[in-house]
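Structure file input_23.pdb (PDB, C-alpha atoms) is printed below.
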```pdb
ATOM      1  CA  MET A   3     -17.403 -11.923  -8.037
ATOM      2  CA  LYS A   4     -17.099 -14.385 -10.896
ATOM      3  CA  GLN A   5     -15.339 -17.701 -11.315
ATOM      4  CA  PRO A   6     -12.533 -18.583 -10.935
ATOM      5  CA  GLN A   7     -12.028 -15.860  -8.285
ATOM      6  CA  LEU A   8     -15.063 -16.988  -6.286
ATOM      7  CA  GLY A   9     -13.885 -20.605  -6.144
ATOM      8  CA  LEU A  10     -10.364 -19.570  -5.167
ATOM      9  CA  LYS A  11     -11.670 -17.307  -2.419
ATOM     10  CA  ILE A  12     -13.912 -20.046  -0.977
ATOM     11  CA  LEU A  13     -10.922 -22.423  -1.092
ATOM     12  CA  GLU A  14      -8.793 -19.818   0.731
ATOM     13  CA  LEU A  15     -11.454 -19.189   3.384
ATOM     14  CA  ARG A  16     -11.939 -22.924   3.925
ATOM     15  CA  GLN A  17      -8.208 -23.410   4.404
ATOM     16  CA  GLN A  18      -8.007 -20.440   6.766
ATOM     17  CA  LYS A  19     -10.772 -22.058   8.804
ATOM     18  CA  GLY A  20      -8.843 -25.346   8.826
ATOM     19  CA  PHE A  21     -11.684 -27.316   7.227
ATOM     20  CA  THR A  22     -11.274 -30.182   4.808
ATOM     21  CA  GLN A  23     -13.842 -30.372   2.005
ATOM     22  CA  GLU A  24     -15.597 -33.163   3.896
ATOM     23  CA  GLU A  25     -15.780 -31.077   7.080
ATOM     24  CA  LEU A  26     -17.222 -28.144   5.150
ATOM     25  CA  VAL A  27     -19.804 -30.440   3.565
ATOM     26  CA  ALA A  28     -20.863 -31.604   7.029
ATOM     27  CA  GLN A  29     -21.404 -27.967   8.042
ATOM     28  CA  CYS A  30     -23.462 -26.824   5.052
ATOM     29  CA  ASN A  31     -25.254 -29.896   3.655
ATOM     30  CA  ILE A  32     -23.740 -29.652   0.164
ATOM     31  CA  SER A  33     -22.154 -32.573  -1.657
ATOM     32  CA  VAL A  34     -18.369 -32.922  -1.797
ATOM     33  CA  ARG A  35     -18.539 -32.940  -5.604
ATOM     34  CA  THR A  36     -20.320 -29.578  -5.578
ATOM     35  CA  ILE A  37     -17.685 -28.048  -3.300
ATOM     36  CA  GLN A  38     -14.925 -29.478  -5.519
ATOM     37  CA  ARG A  39     -16.482 -28.016  -8.667
ATOM     38  CA  ILE A  40     -17.024 -24.607  -7.050
ATOM     39  CA  GLU A  41     -13.446 -24.405  -5.763
ATOM     40  CA  ALA A  42     -12.088 -25.578  -9.127
ATOM     41  CA  GLY A  43     -14.046 -22.822 -10.871
ATOM     42  CA  GLU A  44     -16.067 -25.266 -12.957
ATOM     43  CA  VAL A  45     -19.465 -23.868 -11.928
ATOM     44  CA  THR A  46     -20.967 -20.627 -10.682
ATOM     45  CA  PRO A  47     -23.180 -21.540  -7.714
ATOM     46  CA  ARG A  48     -26.496 -19.937  -6.875
ATOM     47  CA  VAL A  49     -26.551 -17.094  -4.356
ATOM     48  CA  TYR A  50     -28.272 -19.361  -1.808
ATOM     49  CA  THR A  51     -25.457 -21.927  -2.126
ATOM     50  CA  ILE A  52     -22.785 -19.242  -1.700
ATOM     51  CA  LYS A  53     -24.543 -17.877   1.399
ATOM     52  CA  THR A  54     -24.783 -21.388   2.871
ATOM     53  CA  ILE A  55     -21.086 -22.056   2.332
ATOM     54  CA  LEU A  56     -20.066 -18.662   3.699
ATOM     55  CA  ALA A  57     -22.265 -19.125   6.774
ATOM     56  CA  ALA A  58     -20.413 -22.369   7.517
ATOM     57  CA  LEU A  59     -17.155 -20.415   7.240
ATOM     58  CA  ASP A  60     -18.450 -17.615   9.527
ATOM     59  CA  ARG A  61     -18.513 -15.151   6.626
ATOM     60  CA  ASP A  62     -21.163 -13.376   4.573
ATOM     61  CA  LEU A  63     -21.413 -11.870   1.086
ATOM     62  CA  ASP A  64     -20.369  -8.415   2.277
ATOM     63  CA  ASP A  65     -17.178  -9.874   3.755
ATOM     64  CA  LEU A  66     -16.468 -11.647   0.480
ATOM     65  CA  GLN A  67     -16.888  -8.459  -1.562
ATOM     66  CA  GLU A  68     -14.710  -6.488   0.864
ATOM     67  CA  ILE A  69     -11.940  -9.079   0.721
ATOM     68  CA  TYR A  70     -12.121  -9.180  -3.083
ATOM     69  CA  PHE A  71     -12.071  -5.371  -3.372
ATOM     70  CA  GLU A  72      -9.102  -5.124  -0.990
ATOM     71  CA  LYS A  73      -7.233  -7.741  -3.032
ATOM     72  CA  GLN A  74      -7.860  -5.869  -6.288
ATOM     73  CA  VAL A  75      -6.704  -2.571  -4.744
ATOM     74  CA  LYS A  76      -3.528  -4.250  -3.489
ATOM     75  CA  LYS A  77      -2.831  -5.668  -6.937
ATOM     76  CA  ALA A  78      -3.417  -2.283  -8.542
ATOM     77  CA  PHE A  79      -0.872  -0.652  -6.262
ATOM     78  CA  LEU A  80       1.635  -3.543  -6.436
ATOM     79  CA  ILE A  81       1.260  -4.402  -2.748
ATOM     80  CA  GLU A  82      -0.122  -7.920  -3.043
ATOM     81  CA  ILE A  83       2.772  -9.641  -1.259
ATOM     82  CA  ASP A  84       2.576 -13.273  -0.184
ATOM     83  CA  GLU A  85       4.110 -13.200   3.295
ATOM     84  CA  ASN A  86       3.790 -16.992   3.541
ATOM     85  CA  LYS A  87       6.552 -17.641   1.008
ATOM     86  CA  ASP A  88      10.034 -18.686   2.097
ATOM     87  CA  ALA A  89      12.525 -16.370   3.802
ATOM     88  CA  SER A  90      14.522 -15.598   0.652
ATOM     89  CA  PHE A  91      11.375 -14.230  -1.019
ATOM     90  CA  LEU A  92      10.607 -11.997   1.959
ATOM     91  CA  PHE A  93      14.153 -10.644   2.137
ATOM     92  CA  LYS A  94      14.167  -9.910  -1.598
ATOM     93  CA  GLN A  95      10.986  -7.869  -1.161
ATOM     94  CA  LEU A  96      12.369  -6.023   1.859
ATOM     95  CA  ASN A  97      15.637  -5.254   0.068
ATOM     96  CA  LEU A  98      13.697  -4.000  -2.940
ATOM     97  CA  GLY A  99      11.815  -1.707  -0.554
ATOM     98  CA  TRP A 100      14.828   0.105   0.883
ATOM     99  CA  ILE A 101      16.512   0.383  -2.525
ATOM    100  CA  ALA A 102      13.309   1.880  -3.944
ATOM    101  CA  GLY A 103      13.264   4.248  -0.969
ATOM    102  CA  ILE A 104      16.718   5.612  -1.775
ATOM    103  CA  ILE A 105      15.807   6.002  -5.471
ATOM    104  CA  SER A 106      12.592   7.764  -4.420
ATOM    105  CA  MET A 107      14.570  10.196  -2.230
ATOM    106  CA  ILE A 108      16.908  11.090  -5.103
ATOM    107  CA  LEU A 109      14.050  11.584  -7.565
ATOM    108  CA  LEU A 110      12.119  13.668  -5.042
ATOM    109  CA  VAL A 111      15.050  16.091  -4.836
ATOM    110  CA  PHE A 112      14.858  16.685  -8.603
ATOM    111  CA  GLN A 113      11.062  16.863  -8.421
ATOM    112  CA  LEU A 114      11.301  19.476  -5.670
ATOM    113  CA  ILE A 115      13.727  21.545  -7.787
ATOM    114  CA  GLU A 116      11.299  21.409 -10.712
ATOM    115  CA  GLU A 117       8.261  22.352  -8.628
ATOM    116  CA  THR A 118      10.033  25.140  -6.738
ATOM    117  CA  THR A 119      11.244  26.607 -10.037
ATOM    118  CA  TYR A 120       7.714  26.499 -11.436
ATOM    119  CA  LEU A 121       6.344  28.264  -8.357
ATOM    120  CA  THR A 122       8.831  31.109  -8.728
ATOM    121  CA  SER A 123       9.165  31.428 -12.516
ATOM    122  CA  ASN A 124       6.126  29.646 -13.994
ATOM    123  CA  SER A 125       8.399  27.302 -15.950
ATOM    124  CA  TYR A 126      10.118  23.981 -15.207
ATOM    125  CA  TYR A 127      13.862  23.964 -14.503
ATOM    126  CA  PHE A 128      14.678  20.900 -16.643
ATOM    127  CA  GLY A 129      11.669  21.276 -18.936
ATOM    128  CA  GLU A 130       8.220  19.696 -19.127
ATOM    129  CA  ILE A 131       9.217  16.269 -20.489
ATOM    130  CA  PRO A 132      11.946  15.691 -17.867
ATOM    131  CA  TYR A 133       9.481  16.805 -15.168
ATOM    132  CA  VAL A 134       6.893  14.272 -16.373
ATOM    133  CA  ILE A 135       9.514  11.483 -16.459
ATOM    134  CA  ILE A 136      10.849  12.388 -13.005
ATOM    135  CA  THR A 137       7.337  12.574 -11.528
ATOM    136  CA  ILE A 138       6.229   9.216 -12.954
ATOM    137  CA  PHE A 139       9.371   7.346 -11.895
ATOM    138  CA  SER A 140       9.278   9.046  -8.497
ATOM    139  CA  ALA A 141       5.693   7.834  -7.952
ATOM    140  CA  ILE A 142       6.640   4.281  -8.982
ATOM    141  CA  ALA A 143       9.684   4.226  -6.682
ATOM    142  CA  PHE A 144       7.611   5.614  -3.798
ATOM    143  CA  ALA A 145       4.910   2.968  -4.327
ATOM    144  CA  LEU A 146       7.495   0.162  -4.375
ATOM    145  CA  HIS A 147       9.035   1.635  -1.232
ATOM    146  CA  MET A 148       5.783   2.034   0.701
ATOM    147  CA  ARG A 149       4.394  -1.358  -0.319
ATOM    148  CA  ILE A 150       7.015  -2.916   1.944
ATOM    149  CA  PHE A 151       5.308  -1.337   4.950
ATOM    150  CA  VAL A 152       2.240  -3.409   4.062
ATOM    151  CA  LEU A 153       4.451  -6.485   4.393
ATOM    152  CA  ILE A 154       6.091  -5.210   7.596
ATOM    153  CA  GLY A 155       2.638  -4.486   9.009
ATOM    154  CA  GLU A 156       1.605  -8.048   8.189
ATOM    155  CA  LEU A 157       4.747  -9.596   9.671
ATOM    156  CA  PHE A 158       4.703  -7.548  12.884
ATOM    157  CA  ASN A 159       0.909  -7.357  13.404
ATOM    158  CA  ALA A 160       0.748  -3.622  12.711
ATOM    159  CA  ASN A 161      -2.561  -3.352  10.875
ATOM    160  CA  PHE A 162      -2.725   0.437  10.940
ATOM    161  CA  LEU A 163       0.704   0.581   9.299
ATOM    162  CA  LYS A 164      -0.650  -1.487   6.404
ATOM    163  CA  THR A 165      -3.636   0.827   6.000
ATOM    164  CA  SER A 166      -1.498   3.973   6.247
ATOM    165  CA  ALA A 167       0.944   2.699   3.627
ATOM    166  CA  ILE A 168      -1.939   2.039   1.232
ATOM    167  CA  ILE A 169      -3.285   5.559   1.877
ATOM    168  CA  ALA A 170       0.193   7.016   1.236
ATOM    169  CA  ILE A 171       0.538   5.141  -2.066
ATOM    170  CA  ALA A 172      -2.948   6.154  -3.209
ATOM    171  CA  ILE A 173      -2.565   9.852  -2.379
ATOM    172  CA  ASN A 174       0.954  10.160  -3.800
ATOM    173  CA  THR A 175      -0.118   8.388  -6.997
ATOM    174  CA  LEU A 176      -3.158  10.627  -7.456
ATOM    175  CA  ILE A 177      -1.118  13.797  -6.859
ATOM    176  CA  ALA A 178       1.566  12.623  -9.305
ATOM    177  CA  LEU A 179      -0.979  11.735 -11.996
ATOM    178  CA  TYR A 180      -2.706  15.078 -11.687
ATOM    179  CA  SER A 181       0.618  16.962 -11.750
ATOM    180  CA  VAL A 182       1.476  15.247 -15.034
ATOM    181  CA  PHE A 183      -2.011  15.688 -16.473
ATOM    182  CA  ASP A 184      -2.305  19.407 -15.680
ATOM    183  CA  LEU A 185       1.256  20.695 -16.094
ATOM    184  CA  HIS A 186       0.234  24.348 -16.157
ATOM    185  CA  PHE A 187      -2.689  24.126 -13.687
ATOM    186  CA  MET A 188      -5.375  24.960 -16.213
ATOM    187  CA  TYR A 189      -8.171  23.132 -14.351
ATOM    188  CA  ILE A 190      -7.184  23.757 -10.737
ATOM    189  CA  ASN A 191      -5.264  26.964 -10.139
ATOM    190  CA  LEU A 192      -1.843  26.721  -8.532
ATOM    191  CA  LYS A 193      -2.888  28.141  -5.144
ATOM    192  CA  ALA A 194      -5.817  25.741  -4.819
ATOM    193  CA  PHE A 195      -3.615  22.812  -5.841
ATOM    194  CA  ALA A 196      -1.018  23.831  -3.251
ATOM    195  CA  VAL A 197      -3.691  23.757  -0.533
ATOM    196  CA  ILE A 198      -4.986  20.337  -1.662
ATOM    197  CA  TYR A 199      -1.407  19.035  -1.844
ATOM    198  CA  SER A 200      -0.591  20.256   1.665
ATOM    199  CA  VAL A 201      -3.758  18.889   3.259
ATOM    200  CA  LEU A 202      -3.467  15.462   1.611
ATOM    201  CA  PHE A 203       0.167  15.031   2.564
ATOM    202  CA  GLY A 204      -0.632  16.296   6.043
ATOM    203  CA  VAL A 205      -3.099  13.416   6.325
ATOM    204  CA  VAL A 206      -0.483  10.962   4.976
ATOM    205  CA  PHE A 207       2.171  11.981   7.499
ATOM    206  CA  ILE A 208      -0.231  11.987  10.433
ATOM    207  CA  CYS A 209      -1.484   8.502   9.505
ATOM    208  CA  MET A 210       2.078   7.216   9.106
ATOM    209  CA  GLY A 211       3.058   8.904  12.372
ATOM    210  CA  ILE A 212       0.295   7.178  14.311
ATOM    211  CA  ALA A 213       1.086   3.891  12.558
ATOM    212  CA  PHE A 214       4.767   4.006  13.524
ATOM    213  CA  LEU A 215       3.926   4.901  17.117
ATOM    214  CA  LYS A 216       1.689   1.815  17.256
ATOM    215  CA  THR A 217       4.360  -0.453  15.710
ATOM    216  CA  ASN A 218       6.102  -2.808  18.142
ATOM    217  CA  HIS A 219       9.015  -5.278  17.910
ATOM    218  CA  LEU A 220      11.301  -2.876  16.010
ATOM    219  CA  GLY A 221      12.733  -0.876  18.885
ATOM    220  CA  GLN A 222      12.535   2.888  19.310
ATOM    221  CA  LEU A 223      13.244   3.882  15.699
ATOM    222  CA  PRO A 224       9.598   3.656  14.552
ATOM    223  CA  LYS A 225       8.525   5.639  17.643
ATOM    224  CA  VAL A 226      10.965   8.472  16.879
ATOM    225  CA  THR A 227       9.951   8.376  13.212
ATOM    226  CA  GLY A 228       6.299   8.483  14.257
ATOM    227  CA  ILE A 229       6.797  11.656  16.304
ATOM    228  CA  ILE A 230       8.666  13.344  13.433
ATOM    229  CA  ASN A 231       5.888  12.325  11.041
ATOM    230  CA  LEU A 232       3.241  13.852  13.298
ATOM    231  CA  VAL A 233       5.202  17.125  13.435
ATOM    232  CA  LEU A 234       5.576  17.169   9.646
ATOM    233  CA  GLY A 235       1.907  16.316   9.205
ATOM    234  CA  GLY A 236       0.976  19.280  11.384
ATOM    235  CA  MET A 237       3.295  21.528   9.363
ATOM    236  CA  PHE A 238       1.699  20.417   6.084
ATOM    237  CA  LEU A 239      -1.767  21.126   7.482
ATOM    238  CA  THR A 240      -0.811  24.717   8.292
ATOM    239  CA  ILE A 241      -0.285  25.135   4.508
ATOM    240  CA  ILE A 242       2.201  27.952   5.053
ATOM    241  CA  LEU A 243       4.862  25.632   6.551
ATOM    242  CA  THR A 244       4.734  23.264   3.580
ATOM    243  CA  VAL A 245       7.828  25.039   2.193
ATOM    244  CA  VAL A 246       9.733  23.594   5.165
ATOM    245  CA  ALA A 247       7.871  20.290   5.494
ATOM    246  CA  GLY A 248       8.349  19.386   1.811
ATOM    247  CA  PRO A 249      12.169  19.219   1.828
ATOM    248  CA  ALA A 250      12.156  17.725   5.352
ATOM    249  CA  SER A 251       9.871  14.905   4.184
ATOM    250  CA  ILE A 252      12.605  13.729   1.808
ATOM    251  CA  LEU A 253      14.968  13.298   4.747
ATOM    252  CA  VAL A 254      12.271  11.429   6.690
ATOM    253  CA  GLN A 255      12.268   8.826   3.946
ATOM    254  CA  GLY A 256      15.784   8.039   5.122
ATOM    255  CA  LEU A 257      14.236   6.981   8.432
ATOM    256  CA  TYR A 258      11.774   4.793   6.508
ATOM    257  CA  VAL A 259      14.755   3.091   4.841
ATOM    258  CA  ALA A 260      16.341   2.599   8.283
ATOM    259  CA  ILE A 261      13.120   0.992   9.573
ATOM    260  CA  ILE A 262      13.114  -1.481   6.674
ATOM    261  CA  LEU A 263      16.754  -2.357   7.389
ATOM    262  CA  LYS A 264      15.841  -2.785  11.070
ATOM    263  CA  ALA A 265      12.989  -5.118  10.072
ATOM    264  CA  ILE A 266      15.410  -7.176   7.937
ATOM    265  CA  ASP A 267      17.847  -7.450  10.856
ATOM    266  CA  THR A 268      15.066  -8.418  13.298
ATOM    267  CA  LEU A 269      13.718 -11.110  10.969
ATOM    268  CA  ARG A 270      17.186 -12.559  10.364
ATOM    269  CA  LYS A 271      17.702 -12.853  14.133
ATOM    270  CA  GLN A 272      14.299 -14.499  14.580
ATOM    271  CA  ILE A 273      15.030 -17.024  11.819
ATOM    272  CA  SER A 274      18.488 -17.859  13.188
ATOM    273  CA  GLN A 275      17.164 -18.592  16.694
TER     274      GLN A 275
END
```
Structure re-expressed in structure tokens:
Amino acid sequence: MKQPQLGLKILELRQQKGFTQEELVAQCNISVRTIQRIEAGEVTPRVYTIKTILAALDRDLDDLQEIYFEKQVKKAFLIEIDENKDASFLFKQLNLGWIAGIISMILLVFQLIEETTYLTSNSYYFGEIPYVIITIFSAIAFALHMRIFVLIGELFNANFLKTSAIIAIAINTLIALYSVFDLHFMYINLKAFAVIYSVLFGVVFICMGIAFLKTNHLGQLPKVTGIINLVLGGMFLTIILTVVAGPASILVQGLYVAIILKAIDTLRKQISQ
């Protein structure tokens, strides 16, 4: 990790620990000026100095790399959300999430029509270019929708929900990109792709199902949604029941929208108390 990211991360870790620069200096025997220059990104410290500072913050180099990698992944998938900002910012993000969810549901209907037509006639219903446009915008809407579950997971201490949402975004994005790249399944034949598709989405729905079952503070809706997700995940994994699970998964997104609206209502009540 290079400056200024290294300095910013040390500053963040110090603040999380509740240390002033002077208190950190007392812990690691480094001058205040050195700490100031490192945090400001003016110098790149030696590995020994970094290890000394991190030891005082109860961290090590592996932790630092993991945190940095996680941050970069979040930025790549548009899920780097600052939950510490004011309430209006949070509500804007949450509202964006349920709106994106509805758009994603609509686009998925058209995407399903295109894909079903290709399976039966080896050609796209609206044509190749419309299919590419629908697929790309559908993936973007889905990512914007699912990123909100990272925020909800952060706000309601549901860590597995955050992880599952990231997995869902990653898998859906990869499937969408490959579908656009290989429109006529020249590199992976259609049957093999169908199996890969079913297994990956089976994993997504099982992860989301477990995550919702473990989510508290939002009533019974996430629990019911979790059970439905587990059933759909099992159907996807059978491969043969994907023809039923696919259309049903669009309707399940309606429950995701309802969960976001429930989270908004819960947060408003908490703020007004």
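When the PyMOL selection byres ((chain A and resi 242) around 12) is run on the displayed coordinates, the residues it returns are Lys193, Ala196, Val197, Tyr199, Ser200, Val201, Gly236, Met237, Phe238, Leu239, Thr240, Ile241, Leu243, Thr244, Val245, Val246, Ala247 and Gly248 of chain A.
Distances here use all atoms listed in the file; by that measure, the residue among A:Gly228, A:Asn124, A:Leu63, A:Ile52 closest to Phe187 of chain A is A:Asn124.
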What's around segment 9-17 of chain A at 7 Å? Count only C-alpha atoms, leave out sequence neighbours fewer than 4 positions away in its own chain, and write the answer as a ChimeraX atom specification. /A:5,21,40-43,59
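Picked out by the PyMOL selection byres ((chain A and resi 60) around 12) when it runs on this file: Ile12, Leu15, Arg16, Gln18, Lys19, Leu26, Gln29, Cys30, Lys53, Thr54, Ile55, Leu56, Ala57, Ala58, Leu59, Arg61, Asp62, Leu63, Asp64, Asp65 and Leu66 of chain A.
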Can you check which parts of segment 146-183 of chain A lie within 12 Å of segment 265-270 of chain A? Per residue, the shortest pair of atoms and distance in Å to one decimal, counting only C-alpha atoms, sorted by chain and number, as CSV.
```
residue,atom,partner,partner_atom,distance
A:Ile150,CA,A:Ala265,CA,10.3
A:Phe151,CA,A:Ala265,CA,10.0
A:Leu153,CA,A:Ala265,CA,10.3
A:Ile154,CA,A:Ala265,CA,7.3
A:Gly155,CA,A:Ala265,CA,10.4
A:Glu156,CA,A:Ala265,CA,11.9
A:Leu157,CA,A:Leu269,CA,9.2
A:Phe158,CA,A:Ala265,CA,9.1
```
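Those residues positioned at most 12 Å from (15.9, -8.5, -0.9) are Ala89, Ser90, Phe91, Leu92, Phe93, Lys94, Gln95, Leu96, Asn97, Leu98, Gly99, Trp100, Ile101, Ala102, Ile150, Ile262, Leu263, Ala265, Ile266 and Asp267 of chain A, judged using all atoms listed in the file.
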Fewer than 2 positions away in the same chain doesn't count, so skip those; otherwise give me all residues within 10 Å of Ser140 of chain A, counting all atoms listed in the file, as a list in words. Ala102, Gly103, Ile105, Ser106, Met107, Ile108, Leu109, Leu110, Val111, Phe112, Gln113, Val134, Ile135, Ile136, Thr137, Ile138, Ile142, Ala143, Phe144, Ala145, Leu146, Asn174, Thr175 and Ala178 of chain A
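What separates atom CA of Gln222 of chain A from atom CA of Ile171 of chain A is a distance of 24.6 Å.
Of note, atom CA of Asn159 of chain A and atom CA of Thr217 of chain A are spaced 8.1 Å apart.
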Shell around Thr227 of chain A at 7 Å using all atoms listed in the file, local window under 4 positions removed, as a PyMOL selection string: chain A and resi 211+214+223+231+257
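Of the residues listed (A:Tyr180, A:Tyr258, A:Phe207, A:Phe162), A:Tyr180 shows the shortest atom-to-atom separation from Phe195 of chain A; distances use all atoms listed in the file.
The spacing separating atom CA of Phe203 of chain A from atom CA of Ser123 of chain A amounts to 24.0 Å.
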Hey, can I get the axis-aligned box for segment 224-235 of chain A? All listed atoms, 3 Å padding on each side, centre and edge lengths in Å to one decimal, as AutoDock Vina command-line options.
```
--center_x 6.4 --center_y 10.4 --center_z 13.4 --size_x 15.1 --size_y 19.5 --size_z 14.4
```
Can you work out which one of A:Val206, A:Ile32, A:Val27, A:Ile252 has the shortest atom-to-atom distance to Ile168 of chain A, counting all atoms listed in the file? A:Val206
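Among the candidate residues A:Gly204, A:Ala250, A:Lys225, A:Arg39, the one lying nearest to Ile173 of chain A is A:Gly204, with distances computed using only C-alpha atoms.
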